[in-house]
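Participant: Please find start_37.cif (mmCIF, C-alpha atoms; chains and numbers go by the auth columns) on the next line:
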data_run
#
loop_
_atom_site.group_PDB
_atom_site.id
_atom_site.type_symbol
_atom_site.label_atom_id
_atom_site.label_comp_id
_atom_site.label_asym_id
_atom_site.label_seq_id
_atom_site.Cartn_x
_atom_site.Cartn_y
_atom_site.Cartn_z
_atom_site.B_iso_or_equiv
_atom_site.auth_seq_id
_atom_site.auth_asym_id
ATOM 1 C CA MET A 1 97.257 116.743 118.444 0.00 1 A
ATOM 2 C CA ALA A 2 96.633 115.253 114.999 0.00 2 A
ATOM 3 C CA ASN A 3 100.149 116.136 113.831 0.00 3 A
ATOM 4 C CA ARG A 4 101.688 114.533 116.919 0.00 4 A
ATOM 5 C CA LEU A 5 99.655 111.343 116.599 0.00 5 A
ATOM 6 C CA LEU A 6 100.085 110.899 112.845 0.00 6 A
ATOM 7 C CA HIS A 7 103.577 112.383 112.454 0.00 7 A
ATOM 8 C CA ASP A 8 102.382 114.002 109.220 0.00 8 A
ATOM 9 C CA ASP A 9 101.304 117.630 108.888 0.00 9 A
ATOM 10 C CA GLU A 10 99.159 117.076 105.785 0.00 10 A
ATOM 11 C CA GLU A 11 97.304 114.089 107.233 0.00 11 A
ATOM 12 C CA GLY A 12 96.834 116.015 110.472 0.00 12 A
ATOM 13 C CA LYS A 13 95.245 118.902 108.581 0.00 13 A
ATOM 14 C CA ASP A 14 93.025 116.469 106.690 0.00 14 A
ATOM 15 C CA VAL A 15 91.807 114.883 109.917 0.00 15 A
ATOM 16 C CA VAL A 16 90.980 118.227 111.501 0.00 16 A
ATOM 17 C CA SER A 17 89.171 119.347 108.339 0.00 17 A
ATOM 18 C CA GLU A 18 87.224 116.099 108.256 0.00 18 A
ATOM 19 C CA VAL A 19 86.185 116.485 111.900 0.00 19 A
ATOM 20 C CA PHE A 20 84.999 120.058 111.307 0.00 20 A
ATOM 21 C CA THR A 21 83.135 118.995 108.164 0.00 21 A
ATOM 22 C CA ARG A 22 81.344 116.244 110.072 0.00 22 A
ATOM 23 C CA LEU A 23 80.485 118.698 112.844 0.00 23 A
ATOM 24 C CA ILE A 24 79.056 121.211 110.372 0.00 24 A
ATOM 25 C CA GLN A 25 77.022 118.531 108.573 0.00 25 A
ATOM 26 C CA SER A 26 75.761 117.017 111.815 0.00 26 A
ATOM 27 C CA ASP A 27 72.268 117.686 113.099 0.00 27 A
ATOM 28 C CA ILE A 28 73.432 117.356 116.694 0.00 28 A
ATOM 29 C CA LEU A 29 75.935 119.913 117.946 0.00 29 A
ATOM 30 C CA PRO A 30 77.694 119.735 121.315 0.00 30 A
ATOM 31 C CA GLY A 31 76.856 122.340 123.936 0.00 31 A
ATOM 32 C CA GLU A 32 79.067 125.433 124.114 0.00 32 A
ATOM 33 C CA ASP A 33 80.812 124.157 127.237 0.00 33 A
ATOM 34 C CA LYS A 34 81.645 120.825 125.538 0.00 34 A
ATOM 35 C CA VAL A 35 82.865 121.911 122.089 0.00 35 A
ATOM 36 C CA GLU A 36 86.580 121.783 122.912 0.00 36 A
ATOM 37 C CA ARG A 37 86.346 118.324 124.498 0.00 37 A
ATOM 38 C CA TYR A 38 84.187 117.089 121.620 0.00 38 A
ATOM 39 C CA LEU A 39 86.658 118.335 118.990 0.00 39 A
ATOM 40 C CA SER A 40 89.658 116.927 120.861 0.00 40 A
ATOM 41 C CA ALA A 41 88.024 113.532 121.288 0.00 41 A
ATOM 42 C CA SER A 42 86.873 113.471 117.646 0.00 42 A
ATOM 43 C CA VAL A 43 90.343 114.337 116.314 0.00 43 A
ATOM 44 C CA ARG A 44 91.997 111.774 118.602 0.00 44 A
ATOM 45 C CA ASN A 45 89.533 109.029 117.624 0.00 45 A
ATOM 46 C CA ARG A 46 89.869 109.742 113.900 0.00 46 A
ATOM 47 C CA CYS A 47 93.682 109.667 114.192 0.00 47 A
ATOM 48 C CA LEU A 48 93.547 106.348 116.032 0.00 48 A
ATOM 49 C CA ASP A 49 91.262 104.950 113.303 0.00 49 A
ATOM 50 C CA MET A 50 93.734 106.049 110.634 0.00 50 A
ATOM 51 C CA ILE A 51 96.634 104.458 112.519 0.00 51 A
ATOM 52 C CA ALA A 52 94.698 101.187 112.839 0.00 52 A
ATOM 53 C CA HIS A 53 93.897 101.206 109.102 0.00 53 A
ATOM 54 C CA GLN A 54 97.546 101.837 108.247 0.00 54 A
ATOM 55 C CA GLN A 55 98.639 98.943 110.444 0.00 55 A
ATOM 56 C CA ILE A 56 96.154 96.562 108.816 0.00 56 A
ATOM 57 C CA ARG A 57 97.201 97.728 105.341 0.00 57 A
ATOM 58 C CA GLN A 58 100.873 97.150 106.176 0.00 58 A
ATOM 59 C CA ARG A 59 100.155 93.644 107.481 0.00 59 A
ATOM 60 C CA VAL A 60 98.198 92.765 104.325 0.00 60 A
ATOM 61 C CA GLU A 61 100.953 94.135 102.086 0.00 61 A
ATOM 62 C CA LYS A 62 103.552 92.073 103.969 0.00 62 A
ATOM 63 C CA LEU A 63 101.520 88.898 103.493 0.00 63 A
ATOM 64 C CA ILE A 64 101.280 89.204 99.722 0.00 64 A
ATOM 65 C CA PRO A 65 104.434 90.505 98.076 0.00 65 A
ATOM 66 C CA ILE A 66 102.919 91.042 94.624 0.00 66 A
ATOM 67 C CA ASP A 67 106.183 92.117 92.992 0.00 67 A
ATOM 68 C CA SER A 68 108.054 88.985 94.057 0.00 68 A
ATOM 69 C CA VAL A 69 106.204 86.479 91.884 0.00 69 A
ATOM 70 C CA ASP A 70 108.667 84.126 90.154 0.00 70 A
ATOM 71 C CA ASP A 71 108.798 83.853 86.385 0.00 71 A
ATOM 72 C CA LEU A 72 106.571 80.979 85.364 0.00 72 A
ATOM 73 C CA SER A 73 105.653 79.574 82.005 0.00 73 A
ATOM 74 C CA GLU A 74 102.175 80.459 80.753 0.00 74 A
ATOM 75 C CA THR A 75 100.962 76.911 81.383 0.00 75 A
ATOM 76 C CA ASP A 76 102.258 76.992 84.956 0.00 76 A
ATOM 77 C CA GLU A 77 100.655 80.374 85.522 0.00 77 A
ATOM 78 C CA ASP A 78 97.311 79.181 84.141 0.00 78 A
ATOM 79 C CA SER A 79 97.463 76.047 86.260 0.00 79 A
ATOM 80 C CA ARG A 80 98.355 77.954 89.425 0.00 80 A
ATOM 81 C CA TYR A 81 95.668 80.550 88.748 0.00 81 A
ATOM 82 C CA THR A 82 93.045 77.840 88.218 0.00 82 A
ATOM 83 C CA GLU A 83 94.061 76.125 91.439 0.00 83 A
ATOM 84 C CA LEU A 84 94.022 79.417 93.325 0.00 84 A
ATOM 85 C CA ARG A 85 90.621 80.328 91.922 0.00 85 A
ATOM 86 C CA ARG A 86 89.161 76.947 92.908 0.00 86 A
ATOM 87 C CA PHE A 87 90.441 77.379 96.436 0.00 87 A
ATOM 88 C CA VAL A 88 89.029 80.914 96.650 0.00 88 A
ATOM 89 C CA ASP A 89 85.615 79.801 95.369 0.00 89 A
ATOM 90 C CA ARG A 90 85.500 76.741 97.624 0.00 90 A
ATOM 91 C CA GLU A 91 87.079 77.881 100.886 0.00 91 A
ATOM 92 C CA LEU A 92 86.402 81.593 101.371 0.00 92 A
ATOM 93 C CA SER A 93 83.168 83.066 102.691 0.00 93 A
ATOM 94 C CA ASP A 94 81.050 84.974 100.177 0.00 94 A
ATOM 95 C CA GLN A 95 82.102 88.424 101.345 0.00 95 A
ATOM 96 C CA THR A 96 85.781 87.515 101.776 0.00 96 A
ATOM 97 C CA ARG A 97 85.808 86.012 98.286 0.00 97 A
ATOM 98 C CA GLN A 98 84.086 89.083 96.860 0.00 98 A
ATOM 99 C CA VAL A 99 86.591 91.458 98.501 0.00 99 A
ATOM 100 C CA PHE A 100 89.521 89.318 97.370 0.00 100 A
ATOM 101 C CA LEU A 101 88.344 89.134 93.752 0.00 101 A
ATOM 102 C CA LEU A 102 87.557 92.841 93.548 0.00 102 A
ATOM 103 C CA ARG A 103 91.038 93.630 94.810 0.00 103 A
ATOM 104 C CA PHE A 104 93.074 91.174 92.780 0.00 104 A
ATOM 105 C CA ASP A 105 90.957 90.436 89.684 0.00 105 A
ATOM 106 C CA LYS A 106 89.416 93.879 89.203 0.00 106 A
ATOM 107 C CA ARG A 107 92.413 95.738 90.724 0.00 107 A
ATOM 108 C CA MET A 108 90.102 97.973 92.732 0.00 108 A
ATOM 109 C CA LYS A 109 91.456 100.145 95.526 0.00 109 A
ATOM 110 C CA TYR A 110 90.467 99.517 99.135 0.00 110 A
ATOM 111 C CA GLN A 111 88.283 102.629 99.179 0.00 111 A
ATOM 112 C CA GLU A 112 86.503 101.558 95.997 0.00 112 A
ATOM 113 C CA ILE A 113 85.807 98.094 97.386 0.00 113 A
ATOM 114 C CA ALA A 114 84.478 99.561 100.627 0.00 114 A
ATOM 115 C CA ALA A 115 82.140 101.879 98.706 0.00 115 A
ATOM 116 C CA LYS A 116 80.975 99.150 96.303 0.00 116 A
ATOM 117 C CA LEU A 117 80.187 96.656 99.075 0.00 117 A
ATOM 118 C CA ASN A 118 78.979 99.289 101.546 0.00 118 A
ATOM 119 C CA ILE A 119 81.486 98.224 104.198 0.00 119 A
ATOM 120 C CA SER A 120 84.291 100.066 105.973 0.00 120 A
ATOM 121 C CA GLU A 121 87.862 100.080 104.704 0.00 121 A
ATOM 122 C CA LYS A 122 88.852 98.352 107.931 0.00 122 A
ATOM 123 C CA THR A 123 86.488 95.509 107.053 0.00 123 A
ATOM 124 C CA VAL A 124 88.038 95.315 103.566 0.00 124 A
ATOM 125 C CA TYR A 125 91.494 94.972 105.143 0.00 125 A
ATOM 126 C CA LYS A 126 90.263 92.303 107.548 0.00 126 A
ATOM 127 C CA HIS A 127 88.712 90.262 104.725 0.00 127 A
ATOM 128 C CA LEU A 128 91.889 90.552 102.646 0.00 128 A
ATOM 129 C CA HIS A 129 94.012 89.542 105.615 0.00 129 A
ATOM 130 C CA GLN A 130 91.779 86.545 106.250 0.00 130 A
ATOM 131 C CA ALA A 131 91.860 85.485 102.586 0.00 131 A
ATOM 132 C CA ILE A 132 95.604 85.861 102.237 0.00 132 A
ATOM 133 C CA THR A 133 96.254 84.016 105.484 0.00 133 A
ATOM 134 C CA LYS A 134 94.098 81.077 104.329 0.00 134 A
ATOM 135 C CA LEU A 135 95.766 81.059 100.912 0.00 135 A
ATOM 136 C CA HIS A 136 99.214 81.173 102.471 0.00 136 A
ATOM 137 C CA GLU A 137 98.416 78.294 104.815 0.00 137 A
ATOM 138 C CA HIS A 138 96.931 76.185 102.037 0.00 138 A
ATOM 139 C CA PHE A 139 99.663 76.768 99.448 0.00 139 A
ATOM 140 C CA LYS A 140 102.746 76.994 101.689 0.00 140 A
ATOM 141 C CA ASP A 141 103.433 73.253 101.398 0.00 141 A
ATOM 142 C CA GLN A 142 103.343 73.459 97.591 0.00 142 A
ATOM 143 C CA GLU A 143 106.008 76.181 97.500 0.00 143 A
ATOM 144 C CA GLN A 144 108.646 73.963 99.098 0.00 144 A
#
Can the structure from this file be put into structure tokens for me?
Facilitator:
Amino acid sequence: MANRLLHDDEEGKDVVSEVFTRLIQSDILPGEDKVERYLSASVRNRCLDMIAHQQIRQRVEKLIPIDSVDDLSETDEDSRYTELRRFVDRELSDQTRQVFLLRFDKRMKYQEIAAKLNISEKTVYKHLHQAITKLHEHFKDQEQ
């Protein structure tokens, strides 16, 4: 089931291993007559979570094409960075700003940010999406 949902044998194996690991570490085990249904539902739910995370990651990556930044003089870069930083400090919520700065100033990975802030990766993606959307809306007029 995991291979069919994820279209990737390695990720499918990882999901199944993760589900079994959680089951072994859990204090509550399903009854003998419910083990198969429990495992199937757990694998399906974990696969769906992974698919949702991948979709959010792809949307965030589409919103901020990091490699397509134009060549700017140092003064222009400093000025744009200062303006961007002011907007981030002024307009983003505390947690959204923190996620954004950890990702783009500290170059932390999504997993690292989630662990540092004790939030889920999905929440990290949502905060990044929100920040990038606000930045795009605010600065789109200046690009033209």
Participant: Rounded to one decimal place, report the atom CA of Phe104 of chain A-atom CA of Arg46 of chain A distance in Å.
Facilitator: 28.3 Å
Participant: Under the rule that only C-alpha atoms are counted, which of A:Ile119, A:Leu6, A:Met1, A:Leu84 is the nearest residue to Gln54 of chain A?
Facilitator: A:Leu6
Participant: Identify which of the residues A:Arg103, A:His129, A:His7, A:Lys122 lies closest to Ala52 of chain A, counting only C-alpha atoms when measuring atom-to-atom distances.
Facilitator: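 Looking only at the distances to Ala52 of chain A, the closest residue turns out to be A:Lys122.
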Participant: Please determine, counting all atoms listed in the file, which residue among A:His138, A:Arg86, A:Lys34, A:Arg57 has the shortest atom-to-atom distance to Lys109 of chain A.
Facilitator: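 Closest candidate: A:Arg57.
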Participant: Give me the result of the PyMOL selection byres ((chain A and resi 18) around 12) on this file, residue by residue, as a PyMOL selection string.
Facilitator: chain A and resi 2+11-17+19-25+39+42-43+45-47
Participant: Between A:Ala115, A:Met108, A:Leu101, A:Leu92, which residue has the minimum interatomic distance to Thr133 of chain A, considering only C-alpha atoms?
Facilitator: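 Looking only at the distances to Thr133 of chain A, the closest residue turns out to be A:Leu92.
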Participant: Can you tell me how far atom CA of Thr96 of chain A sits from atom CA of Val124 of chain A, in Å to one decimal?
Facilitator: 8.3 Å
Participant: Could you check the closest approach to His53 of chain A for each of A:Lys140, A:Lys134, A:Lys126, A:Arg90 and tell me which residue wins, using all atoms listed in the file?
Facilitator: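 Of A:Lys140, A:Lys134, A:Lys126, A:Arg90, the one nearest His53 of chain A, counting all atoms listed in the file, is A:Lys126.
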Participant: Atom CA of Ile113 of chain A to atom CA of Val99 of chain A: how many Å, to one decimal?
Facilitator: 6.8 Å
Participant: Within 9 Å of Leu117 of chain A, counting all atoms listed in the file, which residues show up once you throw out same-chain ones fewer than 3 positions away? Write them as a list in words, please.
Facilitator: Gln95, Gln98, Val99, Glu112, Ile113, Ala114 and Ser120 of chain A
Participant: Output as a compact mmCIF listing (two decimals), in the frame of the given file: segment 27-38 of chain A, completed with all heavy atoms.
Facilitator:
# COMPACT_ATOMS: atom_id res chain seq x y z
N ASP A 27 73.48 117.07 112.57
CA ASP A 27 72.27 117.69 113.10
C ASP A 27 72.40 117.97 114.59
O ASP A 27 71.72 118.82 115.13
CB ASP A 27 71.06 116.76 112.89
CG ASP A 27 70.71 116.63 111.42
OD1 ASP A 27 71.07 117.53 110.63
OD2 ASP A 27 70.07 115.63 111.06
N ILE A 28 73.27 117.23 115.24
CA ILE A 28 73.43 117.36 116.69
C ILE A 28 74.77 118.04 116.97
O ILE A 28 75.82 117.54 116.60
CB ILE A 28 73.41 115.97 117.37
CG1 ILE A 28 72.10 115.27 117.05
CG2 ILE A 28 73.62 116.11 118.87
CD1 ILE A 28 72.07 113.82 117.47
N LEU A 29 74.72 119.18 117.61
CA LEU A 29 75.94 119.91 117.95
C LEU A 29 76.16 119.85 119.45
O LEU A 29 75.21 119.90 120.23
CB LEU A 29 75.82 121.37 117.50
CG LEU A 29 75.65 121.59 115.99
CD1 LEU A 29 75.42 123.06 115.70
CD2 LEU A 29 76.85 121.09 115.23
N PRO A 30 77.41 119.76 119.87
CA PRO A 30 77.69 119.74 121.32
C PRO A 30 77.40 121.10 121.93
O PRO A 30 77.44 122.13 121.26
CB PRO A 30 79.19 119.41 121.37
CG PRO A 30 79.73 119.82 120.06
CD PRO A 30 78.62 119.68 119.08
N GLY A 31 77.10 121.08 123.23
CA GLY A 31 76.86 122.34 123.94
C GLY A 31 78.11 123.19 123.94
O GLY A 31 79.23 122.70 123.75
N GLU A 32 77.93 124.50 124.15
CA GLU A 32 79.07 125.43 124.11
C GLU A 32 80.17 125.05 125.08
O GLU A 32 81.35 125.22 124.78
CB GLU A 32 78.59 126.86 124.42
CG GLU A 32 77.88 127.51 123.27
CD GLU A 32 77.54 128.96 123.57
OE1 GLU A 32 78.37 129.65 124.20
OE2 GLU A 32 76.45 129.38 123.17
N ASP A 33 79.81 124.52 126.24
CA ASP A 33 80.81 124.16 127.24
C ASP A 33 81.53 122.84 126.91
O ASP A 33 82.53 122.50 127.53
CB ASP A 33 80.17 124.07 128.62
CG ASP A 33 79.04 123.05 128.69
OD1 ASP A 33 78.39 122.82 127.65
OD2 ASP A 33 78.83 122.48 129.77
N LYS A 34 81.05 122.12 125.87
CA LYS A 34 81.64 120.82 125.54
C LYS A 34 82.31 120.79 124.16
O LYS A 34 82.81 119.75 123.75
CB LYS A 34 80.56 119.75 125.59
CG LYS A 34 79.95 119.57 126.97
CD LYS A 34 78.90 118.52 126.97
CE LYS A 34 78.29 118.43 128.36
NZ LYS A 34 77.21 117.46 128.42
N VAL A 35 82.34 121.90 123.45
CA VAL A 35 82.86 121.91 122.09
C VAL A 35 84.34 121.51 122.05
O VAL A 35 84.75 120.68 121.23
CB VAL A 35 82.67 123.30 121.43
CG1 VAL A 35 83.39 123.38 120.10
CG2 VAL A 35 81.19 123.58 121.25
N GLU A 36 85.15 122.08 122.92
CA GLU A 36 86.58 121.78 122.91
C GLU A 36 86.85 120.31 123.19
O GLU A 36 87.64 119.66 122.50
CB GLU A 36 87.31 122.65 123.93
CG GLU A 36 88.81 122.52 123.85
CD GLU A 36 89.53 123.47 124.80
OE1 GLU A 36 88.96 124.50 125.17
OE2 GLU A 36 90.66 123.14 125.17
N ARG A 37 86.16 119.75 124.19
CA ARG A 37 86.35 118.32 124.50
C ARG A 37 85.86 117.45 123.35
O ARG A 37 86.48 116.44 123.01
CB ARG A 37 85.62 117.95 125.79
CG ARG A 37 86.34 118.44 127.03
CD ARG A 37 85.72 117.90 128.27
NE ARG A 37 84.37 118.50 128.38
CZ ARG A 37 83.47 118.18 129.27
NH1 ARG A 37 83.72 117.24 130.15
NH2 ARG A 37 82.30 118.76 129.31
N TYR A 38 84.73 117.84 122.74
CA TYR A 38 84.19 117.09 121.62
C TYR A 38 85.17 117.07 120.45
O TYR A 38 85.46 116.02 119.88
CB TYR A 38 82.85 117.68 121.17
CG TYR A 38 82.30 117.06 119.91
CD1 TYR A 38 81.57 115.88 119.97
CD2 TYR A 38 82.54 117.63 118.66
CE1 TYR A 38 81.08 115.29 118.82
CE2 TYR A 38 82.05 117.05 117.51
CZ TYR A 38 81.33 115.88 117.59
OH TYR A 38 80.85 115.30 116.45
